[in-house]
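data-v5.txt follows; it contains compact mmCIF, C-alpha atoms (C1' of nucleotides).
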```txt
# COMPACT_ATOMS: atom_id res chain seq x y z
CA MET A 8 0.00 0.00 0.00
CA ASP A 9 1.35 3.38 -1.00
CA LEU A 10 0.68 5.94 1.70
CA ARG A 11 1.10 8.91 -0.63
CA GLU A 12 -1.71 7.48 -2.73
CA VAL A 13 -3.90 6.95 0.35
CA LEU A 14 -3.31 10.50 1.64
CA SER A 15 -4.25 11.96 -1.74
CA ARG A 16 -7.68 10.33 -1.57
CA SER A 17 -10.81 11.60 0.14
CA SER A 18 -11.06 11.16 3.91
CA LEU A 19 -13.76 8.52 3.39
CA GLU A 20 -11.38 6.43 1.32
CA ALA A 21 -8.33 7.14 3.47
CA ALA A 22 -9.86 6.52 6.92
CA PRO A 23 -10.27 2.71 6.58
CA ARG A 24 -6.92 2.44 4.78
CA LEU A 25 -5.05 4.11 7.63
CA LEU A 26 -6.08 1.26 9.95
CA GLY A 27 -3.09 -0.96 10.66
CA CYS A 28 -0.60 1.79 9.80
CA TYR A 29 1.96 2.91 12.36
CA LEU A 30 2.58 6.24 14.06
CA VAL A 31 6.14 6.79 15.26
CA ARG A 32 6.68 9.70 17.61
CA GLN A 33 10.05 11.07 18.62
CA THR A 34 10.17 12.55 22.10
CA PRO A 35 13.04 13.83 24.25
CA HIS A 36 12.61 10.67 26.34
CA GLY A 37 12.69 8.22 23.42
CA THR A 38 10.68 6.77 20.56
CA ILE A 39 7.02 5.78 20.75
CA LYS A 40 5.38 3.46 18.23
CA VAL A 41 1.68 2.64 17.97
CA ARG A 42 -0.59 0.90 15.45
CA ILE A 43 -3.72 2.75 14.35
CA VAL A 44 -6.87 0.74 15.15
CA GLU A 45 -9.69 3.33 14.94
CA THR A 46 -10.31 6.34 12.67
CA GLU A 47 -13.07 8.75 11.67
CA ALA A 48 -13.51 10.63 8.39
CA TYR A 49 -14.45 14.35 8.26
CA HIS A 50 -14.85 16.55 5.20
CA GLN A 51 -16.05 19.95 4.05
CA ASP A 52 -19.64 18.95 3.19
CA ASP A 53 -20.03 17.29 6.60
CA PRO A 54 -21.84 19.39 9.26
CA ALA A 55 -19.84 17.65 12.00
CA SER A 56 -16.51 18.68 10.47
CA HIS A 57 -14.46 21.63 11.66
CA SER A 58 -13.98 22.44 7.97
CA PHE A 59 -17.74 22.69 7.31
CA ARG A 60 -17.90 26.46 7.84
CA GLY A 61 -14.87 27.15 5.73
CA ILE A 62 -11.27 28.01 6.36
CA THR A 63 -10.29 29.62 9.66
CA LYS A 64 -7.02 30.13 11.46
CA ARG A 65 -7.54 26.89 13.37
CA THR A 66 -8.76 24.71 10.51
CA ALA A 67 -6.45 26.00 7.77
CA PRO A 68 -4.33 22.81 7.76
CA MET A 69 -7.42 20.76 6.78
CA PHE A 70 -7.53 22.73 3.52
CA GLN A 71 -3.95 21.98 2.59
CA ALA A 72 -2.88 18.95 0.55
CA GLY A 73 -2.96 15.54 2.24
CA GLY A 74 -0.04 14.46 4.39
CA ARG A 75 -0.13 17.15 7.06
CA LEU A 76 -1.20 17.06 10.68
CA TYR A 77 -4.27 18.85 11.99
CA ILE A 78 -4.24 19.02 15.78
CA TYR A 79 -6.95 20.76 17.76
CA PHE A 80 -7.79 21.48 21.40
CA THR A 81 -11.24 20.73 22.79
CA TYR A 82 -13.30 20.47 25.98
CA GLY A 83 -10.86 22.80 27.67
CA MET A 84 -8.31 20.04 28.26
CA HIS A 85 -7.89 17.55 25.41
CA TYR A 86 -5.95 17.49 22.15
CA ALA A 87 -6.80 15.33 19.12
CA ILE A 88 -4.68 14.21 16.18
CA ASN A 89 -5.91 14.26 12.59
CA ILE A 90 -4.20 13.33 9.34
CA VAL A 91 -5.14 15.68 6.51
CA THR A 92 -6.11 13.93 3.25
CA GLY A 93 -7.23 14.90 -0.24
CA PRO A 94 -6.07 17.62 -2.62
CA ALA A 95 -5.43 21.20 -1.49
CA GLY A 96 -8.61 23.23 -0.99
CA ARG A 97 -10.87 20.32 -0.05
CA GLY A 98 -10.97 20.57 3.77
CA GLU A 99 -10.65 16.88 4.65
CA GLY A 100 -9.15 14.99 7.56
CA VAL A 101 -9.06 11.68 9.39
CA LEU A 102 -9.29 11.73 13.19
CA ILE A 103 -7.06 9.10 14.77
CA ARG A 104 -9.28 7.86 17.58
CA ALA A 105 -7.33 4.93 18.99
CA ALA A 106 -4.14 2.92 18.60
CA GLU A 107 -2.33 -0.11 19.94
CA PRO A 108 0.83 0.53 22.00
CA LEU A 109 3.89 -1.18 20.49
CA ALA A 110 6.99 0.62 21.77
CA GLY A 111 7.77 3.36 24.26
CA VAL A 112 5.12 2.09 26.66
CA LYS A 113 6.94 3.48 29.70
CA ILE A 114 7.02 6.94 28.11
CA MET A 115 3.31 6.75 27.38
CA GLN A 116 2.57 5.61 30.91
CA THR A 117 4.46 8.63 32.22
CA ASN A 118 2.71 11.00 29.80
CA ARG A 119 -0.70 9.61 30.76
CA GLY A 120 -0.02 9.26 34.47
CA ILE A 121 -1.44 5.73 34.52
CA ARG A 122 -0.07 2.18 34.13
CA ASP A 123 -2.99 0.26 32.57
CA ILE A 124 -1.93 -0.59 28.99
CA ASN A 125 -5.53 -0.99 27.90
CA LYS A 126 -6.34 2.64 28.74
CA LEU A 127 -3.20 4.30 27.38
CA THR A 128 -4.34 5.06 23.82
CA ASN A 129 -7.98 3.95 23.43
CA GLY A 130 -9.45 7.39 22.68
CA PRO A 131 -8.39 10.52 20.78
CA GLY A 132 -7.55 12.59 23.85
CA LYS A 133 -5.76 9.68 25.51
CA LEU A 134 -3.73 8.96 22.37
CA ALA A 135 -2.58 12.57 22.03
CA GLN A 136 -1.57 12.67 25.69
CA ALA A 137 0.25 9.33 25.43
CA LEU A 138 2.21 10.59 22.42
CA GLY A 139 3.23 13.70 24.33
CA ILE A 140 1.04 16.16 22.41
CA PHE A 141 0.49 18.96 24.91
CA ASP A 142 -0.13 21.87 22.51
CA THR A 143 -1.12 22.53 18.89
CA SER A 144 2.37 23.38 17.65
CA LEU A 145 2.45 20.35 15.33
CA SER A 146 -0.80 21.36 13.60
CA GLY A 147 -0.11 22.13 9.94
CA GLN A 148 3.26 20.41 9.92
CA ILE A 149 4.06 17.82 7.28
CA LEU A 150 3.97 14.24 8.53
CA ASN A 151 7.33 12.47 8.20
CA LYS A 152 9.05 15.87 8.29
CA SER A 153 7.96 16.41 11.88
CA SER A 154 8.41 14.49 15.11
CA ILE A 155 5.51 12.23 14.07
CA LEU A 156 6.03 9.70 11.28
CA LEU A 157 3.38 7.65 9.47
CA ARG A 158 4.46 4.22 8.25
CA PRO A 159 2.53 1.63 6.22
CA GLY A 160 1.19 -1.47 7.95
CA GLU A 161 0.10 -4.91 6.90
CA PRO A 162 -2.94 -4.74 4.60
CA LEU A 163 -6.21 -5.67 6.32
CA LYS A 164 -8.92 -7.85 4.87
CA ASP A 165 -12.27 -6.14 4.26
CA GLU A 166 -13.94 -8.37 6.82
CA GLU A 167 -11.48 -7.17 9.49
CA ILE A 168 -12.74 -3.56 9.13
CA VAL A 169 -15.93 -2.37 10.79
CA ALA A 170 -17.77 0.80 9.67
CA ALA A 171 -20.02 2.43 12.30
CA PRO A 172 -21.47 5.83 13.27
CA ARG A 173 -18.99 8.37 14.63
CA ILE A 174 -18.68 9.11 18.33
CA GLY A 175 -19.18 12.29 20.34
CA ILE A 176 -20.92 14.36 17.68
CA THR A 177 -24.49 15.68 17.44
CA LYS A 178 -24.63 16.71 13.77
CA ALA A 179 -24.69 14.04 11.05
CA ALA A 180 -24.49 11.44 13.79
CA ASP A 181 -26.04 8.76 11.60
CA ARG A 182 -23.25 8.57 9.00
CA PRO A 183 -21.12 5.41 9.30
CA TRP A 184 -17.83 7.22 8.95
CA ARG A 185 -16.03 5.65 11.89
CA PHE A 186 -13.78 2.70 11.07
CA TYR A 187 -12.08 0.26 13.40
CA ILE A 188 -10.32 -3.09 13.41
CA LYS A 189 -12.75 -5.82 14.39
CA ASP A 190 -12.20 -7.35 17.85
CA ASN A 191 -9.18 -5.16 18.56
CA PRO A 192 -8.97 -4.54 22.34
CA PHE A 193 -7.60 -1.01 21.93
CA VAL A 194 -10.63 0.41 20.10
CA SER A 195 -12.28 3.18 22.17
CA ARG A 196 -15.77 1.64 22.09
CA VAL A 197 -17.32 -1.36 20.40
C1' DC B 21 -20.13 -2.92 35.22
C1' DC B 22 -22.62 1.07 33.90
C1' DG B 23 -24.76 5.68 33.23
C1' DG B 24 -24.55 10.38 34.62
C1' DT B 25 -21.86 14.43 35.22
C1' DG B 26 -18.38 18.12 36.25
C1' DA B 27 -14.04 19.93 34.60
C1' DT B 28 -12.06 23.62 31.76
C1' DG B 29 -10.54 26.97 27.90
C1' DC B 30 -10.49 28.03 23.08
C1' DC B 31 -12.88 29.03 18.84
C1' DC B 32 -16.10 31.40 16.24
C1' DT B 33 -20.57 34.15 15.86
C1' DG C 20 -21.80 33.51 25.07
C1' DG C 21 -22.73 28.80 23.32
C1' DG C 22 -20.85 24.72 22.19
C1' DC C 23 -17.63 21.49 21.84
C1' DA C 24 -14.64 15.22 16.94
C1' DT C 25 -13.36 13.96 25.65
C1' DC C 26 -12.11 11.95 29.97
C1' DA C 27 -12.18 10.26 34.73
C1' DC C 28 -14.62 9.78 38.68
C1' DC C 29 -18.57 8.77 41.36
C1' DG C 30 -22.47 6.33 42.96
C1' DG C 31 -25.67 2.66 42.44
C1' DT C 32 -25.80 -2.28 40.88
```
Would you put the structure from the file into structure tokens?
Amino acid sequence: MDLREVLSRSSLEAAPRLLGCYLVRQTPHGTIKVRIVETEAYHQDDPASHSFRGITKRTAPMFQAGGRLYIYFTYGMHYAINIVTGPAGRGEGVLIRAAEPLAGVKIMQTNRGIRDINKLTNGPGKLAQALGIFDTSLSGQILNKSSILLRPGEPLKDEEIVAAPRIGITKAADRPWRFYIKDNPFVSRV
DNA sequence: CCGGTGATGCCCT
DNA sequence: GGGCATCACCGGT
């Protein structure tokens, strides 16, 4: 699977294809590696998307060409990581909702302030905290040229991917634009 | 185990 | 000023 190809597609095409891929994060304390197990697609014609109302200072990265990070702050305390997809001007992104810890577990435990492996990265806010994302300074930066790298994973079979309604939104809540790896214990909710 | 709820600050109208 | 692409804790089972 060619990641450049995936990131050039729409968020709806990219979101399921990012499952199984790896995020590698460089921190001052060492390297963290996780495997993406849950994603959600957002795009400009989607009332639930930050890009729905057009370009703003915060959402500008969503309107750039695929392959950048879009990181936002919400609920007064949480950060969330998105991977921008699609051509420039389209306002698309894939929220990384959950991942499986592979390396740098001790660093993530310190960042999260807990020990339980099963609760380290099973939610967007938890994942950002585990990876040491404590501000929005990475938003707009190009993946693989920043301290976060995206690497291809083993291809998944169609029957291993579940599509379901997205979580935590009120608008367009019926659209099945959340994707996760079936039976994976690190998915935020089943 | 589960549902309800308070925390907390930025963005955008 | 309203509303969050959330989380952890609390109380009742």
Neighbouring residues of Gln136 of chain A were defined as those with any atom within 10 Å, considering all atoms listed in the file; residues of the same chain fewer than 4 positions away were excluded. Please report them as an mmCIF file with C-alpha atoms, keeping the file's coordinate frame.
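Dumped everything to result-v4.cif:
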```cif
data_model
loop_
_atom_site.group_PDB
_atom_site.id
_atom_site.type_symbol
_atom_site.label_atom_id
_atom_site.label_comp_id
_atom_site.auth_asym_id
_atom_site.auth_seq_id
_atom_site.Cartn_x
_atom_site.Cartn_y
_atom_site.Cartn_z
ATOM 1 C CA HIS A 85 -7.890 17.550 25.410
ATOM 2 C CA TYR A 86 -5.950 17.490 22.150
ATOM 3 C CA ALA A 87 -6.800 15.330 19.120
ATOM 4 C CA MET A 115 3.310 6.750 27.380
ATOM 5 C CA GLN A 116 2.570 5.610 30.910
ATOM 6 C CA THR A 117 4.460 8.630 32.220
ATOM 7 C CA ASN A 118 2.710 11.000 29.800
ATOM 8 C CA ARG A 119 -0.700 9.610 30.760
ATOM 9 C CA GLY A 120 -0.020 9.260 34.470
ATOM 10 C CA LEU A 127 -3.200 4.300 27.380
ATOM 11 C CA THR A 128 -4.340 5.060 23.820
ATOM 12 C CA GLY A 130 -9.450 7.390 22.680
ATOM 13 C CA PRO A 131 -8.390 10.520 20.780
ATOM 14 C CA GLY A 132 -7.550 12.590 23.850
ATOM 15 C CA ILE A 140 1.040 16.160 22.410
ATOM 16 C CA PHE A 141 0.490 18.960 24.910
ATOM 17 C CA ASP A 142 -0.130 21.870 22.510
#
```
Mind running chain A against chain C at 9 Å and telling me each contacting residue's nearest atom pair with the distance in Å (one decimal), counting only C-alpha atoms (C1' of nucleotides), chain and number ascending, as CSV?
```
residue,atom,partner,partner_atom,distance
A:Glu47,CA,C:DA24,C1',8.5
A:Tyr49,CA,C:DA24,C1',8.7
A:Ala55,CA,C:DA24,C1',7.6
A:Ser56,CA,C:DA24,C1',7.6
A:His57,CA,C:DA24,C1',8.3
A:Thr81,CA,C:DC23,C1',6.5
A:Tyr82,CA,C:DC23,C1',6.1
A:Met84,CA,C:DT25,C1',8.3
A:His85,CA,C:DT25,C1',6.5
A:Tyr86,CA,C:DT25,C1',8.9
A:Ala87,CA,C:DA24,C1',8.1
A:Leu102,CA,C:DA24,C1',7.4
A:Gly130,CA,C:DT25,C1',8.2
A:Pro131,CA,C:DT25,C1',7.8
A:Gly132,CA,C:DT25,C1',6.2
A:Lys133,CA,C:DC26,C1',8.1
A:Arg173,CA,C:DA24,C1',8.4
A:Ile174,CA,C:DA24,C1',7.5
A:Gly175,CA,C:DA24,C1',6.4
A:Ile176,CA,C:DA24,C1',6.4
```
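As for atom CA of Ser17 of chain A and atom CA of Pro94 of chain A, they are spaced 8.1 Å apart.
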Q: Tell me which of A:Glu99, A:Asp52, A:Glu161, A:Asp181 sits closest to Arg24 of chain A, counting all atoms listed in the file.
A: A:Glu161
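Taking atom CA of Val44 of chain A and atom CA of Pro192 of chain A as endpoints, the distance between them is 9.2 Å.
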The centre and edge lengths of an axis-aligned box containing all atoms of chain B present in the file, extended by 8 Å on each side, are to be given in Å to one decimal, as lines of an AutoDock Vina configuration file.
```
center_x = -17.6
center_y = 15.6
center_z = 26.1
size_x = 30.3
size_y = 53.1
size_z = 36.4
```
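Note that atom CA of Ile39 of chain A and atom CA of Leu109 of chain A are 7.6 Å apart.
At a cut-off of 8 Å from (-2.8, 24.2, -1.3), the residue set is Phe70, Gln71, Ala72, Pro94, Ala95 and Gly96 of chain A (counting all atoms listed in the file).
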(Q) Show me, as an MDAnalysis selection string, every residue of chain B with an atom at most 12 Å from chain A, counting all atoms listed in the file. (A) chainID B and resid 26:33
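Closest approach to Ser15 of chain A among A:Ser58, A:Thr92, A:Thr34, A:Ser153 is made by A:Thr92 (distances from all atoms listed in the file).
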Contacts of Gly73 of chain A at 12 Å (all atoms listed in the file; same-chain gap of 6+ positions) as a PDB file with C-alpha atoms, in the coordinates of the input:
```
ATOM      1  CA  LEU A  10       0.680   5.940   1.700  1.00  0.00           C
ATOM      2  CA  ARG A  11       1.100   8.910  -0.630  1.00  0.00           C
ATOM      3  CA  GLU A  12      -1.710   7.480  -2.730  1.00  0.00           C
ATOM      4  CA  VAL A  13      -3.900   6.950   0.350  1.00  0.00           C
ATOM      5  CA  LEU A  14      -3.310  10.500   1.640  1.00  0.00           C
ATOM      6  CA  SER A  15      -4.250  11.960  -1.740  1.00  0.00           C
ATOM      7  CA  ARG A  16      -7.680  10.330  -1.570  1.00  0.00           C
ATOM      8  CA  SER A  17     -10.810  11.600   0.140  1.00  0.00           C
ATOM      9  CA  SER A  18     -11.060  11.160   3.910  1.00  0.00           C
ATOM     10  CA  ALA A  21      -8.330   7.140   3.470  1.00  0.00           C
ATOM     11  CA  ASN A  89      -5.910  14.260  12.590  1.00  0.00           C
ATOM     12  CA  ILE A  90      -4.200  13.330   9.340  1.00  0.00           C
ATOM     13  CA  VAL A  91      -5.140  15.680   6.510  1.00  0.00           C
ATOM     14  CA  THR A  92      -6.110  13.930   3.250  1.00  0.00           C
ATOM     15  CA  GLY A  93      -7.230  14.900  -0.240  1.00  0.00           C
ATOM     16  CA  PRO A  94      -6.070  17.620  -2.620  1.00  0.00           C
ATOM     17  CA  ALA A  95      -5.430  21.200  -1.490  1.00  0.00           C
ATOM     18  CA  GLY A  96      -8.610  23.230  -0.990  1.00  0.00           C
ATOM     19  CA  ARG A  97     -10.870  20.320  -0.050  1.00  0.00           C
ATOM     20  CA  GLY A  98     -10.970  20.570   3.770  1.00  0.00           C
ATOM     21  CA  GLU A  99     -10.650  16.880   4.650  1.00  0.00           C
ATOM     22  CA  GLY A 100      -9.150  14.990   7.560  1.00  0.00           C
ATOM     23  CA  VAL A 101      -9.060  11.680   9.390  1.00  0.00           C
ATOM     24  CA  GLY A 147      -0.110  22.130   9.940  1.00  0.00           C
ATOM     25  CA  GLN A 148       3.260  20.410   9.920  1.00  0.00           C
ATOM     26  CA  ILE A 149       4.060  17.820   7.280  1.00  0.00           C
ATOM     27  CA  LEU A 150       3.970  14.240   8.530  1.00  0.00           C
TER      28      LEU A 150
END
```
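Distance check against Gly111 of chain A using only C-alpha atoms: of A:Arg196, A:Leu138, A:Arg158, A:Asn125, the minimum falls on A:Leu138.
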Q: Tell me which of A:Leu157, A:Leu19, A:Ile88, A:Met8 sits closest to Gln33 of chain A, counting only C-alpha atoms.
A: A:Leu157
Reconstructed segment 114-130 of chain A, atom set N, CA, C and O atoms, as a short mmCIF file (atom, residue, chain, number, x, y, z; two decimals), keeping the file's coordinate frame:
```cif
data_model
loop_
_atom_site.label_atom_id
_atom_site.label_comp_id
_atom_site.auth_asym_id
_atom_site.auth_seq_id
_atom_site.Cartn_x
_atom_site.Cartn_y
_atom_site.Cartn_z
N ILE A 114 7.17 5.50 28.35
CA ILE A 114 7.02 6.94 28.11
C ILE A 114 5.54 7.31 28.09
O ILE A 114 5.12 8.31 28.68
N MET A 115 4.75 6.47 27.44
CA MET A 115 3.31 6.75 27.38
C MET A 115 2.67 6.67 28.75
O MET A 115 1.79 7.47 29.08
N GLN A 116 3.10 5.72 29.56
CA GLN A 116 2.57 5.61 30.91
C GLN A 116 2.88 6.86 31.72
O GLN A 116 2.04 7.35 32.48
N THR A 117 4.10 7.39 31.53
CA THR A 117 4.46 8.63 32.22
C THR A 117 3.63 9.79 31.71
O THR A 117 3.09 10.58 32.50
N ASN A 118 3.49 9.90 30.38
CA ASN A 118 2.71 11.00 29.80
C ASN A 118 1.26 10.96 30.26
O ASN A 118 0.65 12.01 30.49
N ARG A 119 0.70 9.76 30.39
CA ARG A 119 -0.70 9.61 30.76
C ARG A 119 -0.91 9.65 32.27
O ARG A 119 -2.01 9.90 32.73
N GLY A 120 0.13 9.30 33.02
CA GLY A 120 -0.02 9.26 34.47
C GLY A 120 -0.76 8.03 34.95
O GLY A 120 -1.29 8.03 36.06
N ILE A 121 -0.82 6.99 34.12
CA ILE A 121 -1.44 5.73 34.52
C ILE A 121 -0.57 4.57 34.02
O ILE A 121 0.29 4.74 33.17
N ARG A 122 -0.84 3.35 34.53
CA ARG A 122 -0.07 2.18 34.13
C ARG A 122 -0.84 1.27 33.15
O ARG A 122 -0.25 0.60 32.32
N ASP A 123 -2.15 1.22 33.31
CA ASP A 123 -2.99 0.26 32.57
C ASP A 123 -2.82 0.40 31.05
O ASP A 123 -3.23 1.39 30.45
N ILE A 124 -2.21 -0.62 30.43
CA ILE A 124 -1.93 -0.59 28.99
C ILE A 124 -3.21 -0.40 28.18
O ILE A 124 -3.21 0.29 27.15
N ASN A 125 -4.28 -1.01 28.66
CA ASN A 125 -5.53 -0.99 27.90
C ASN A 125 -6.18 0.39 27.85
O ASN A 125 -7.09 0.61 27.05
N LYS A 126 -5.75 1.30 28.70
CA LYS A 126 -6.34 2.64 28.74
C LYS A 126 -5.36 3.72 28.30
O LYS A 126 -5.64 4.90 28.44
N LEU A 127 -4.22 3.31 27.76
CA LEU A 127 -3.20 4.30 27.38
C LEU A 127 -3.61 5.11 26.16
O LEU A 127 -3.40 6.32 26.10
N THR A 128 -4.17 4.43 25.15
CA THR A 128 -4.34 5.06 23.82
C THR A 128 -5.68 4.75 23.18
O THR A 128 -5.83 4.87 21.97
N ASN A 129 -6.70 4.36 23.99
CA ASN A 129 -7.98 3.95 23.43
C ASN A 129 -9.00 5.10 23.40
O ASN A 129 -10.12 4.97 23.85
N GLY A 130 -8.59 6.22 22.83
CA GLY A 130 -9.45 7.39 22.68
C GLY A 130 -8.60 8.51 22.14
O GLY A 130 -7.37 8.51 22.36
#
```
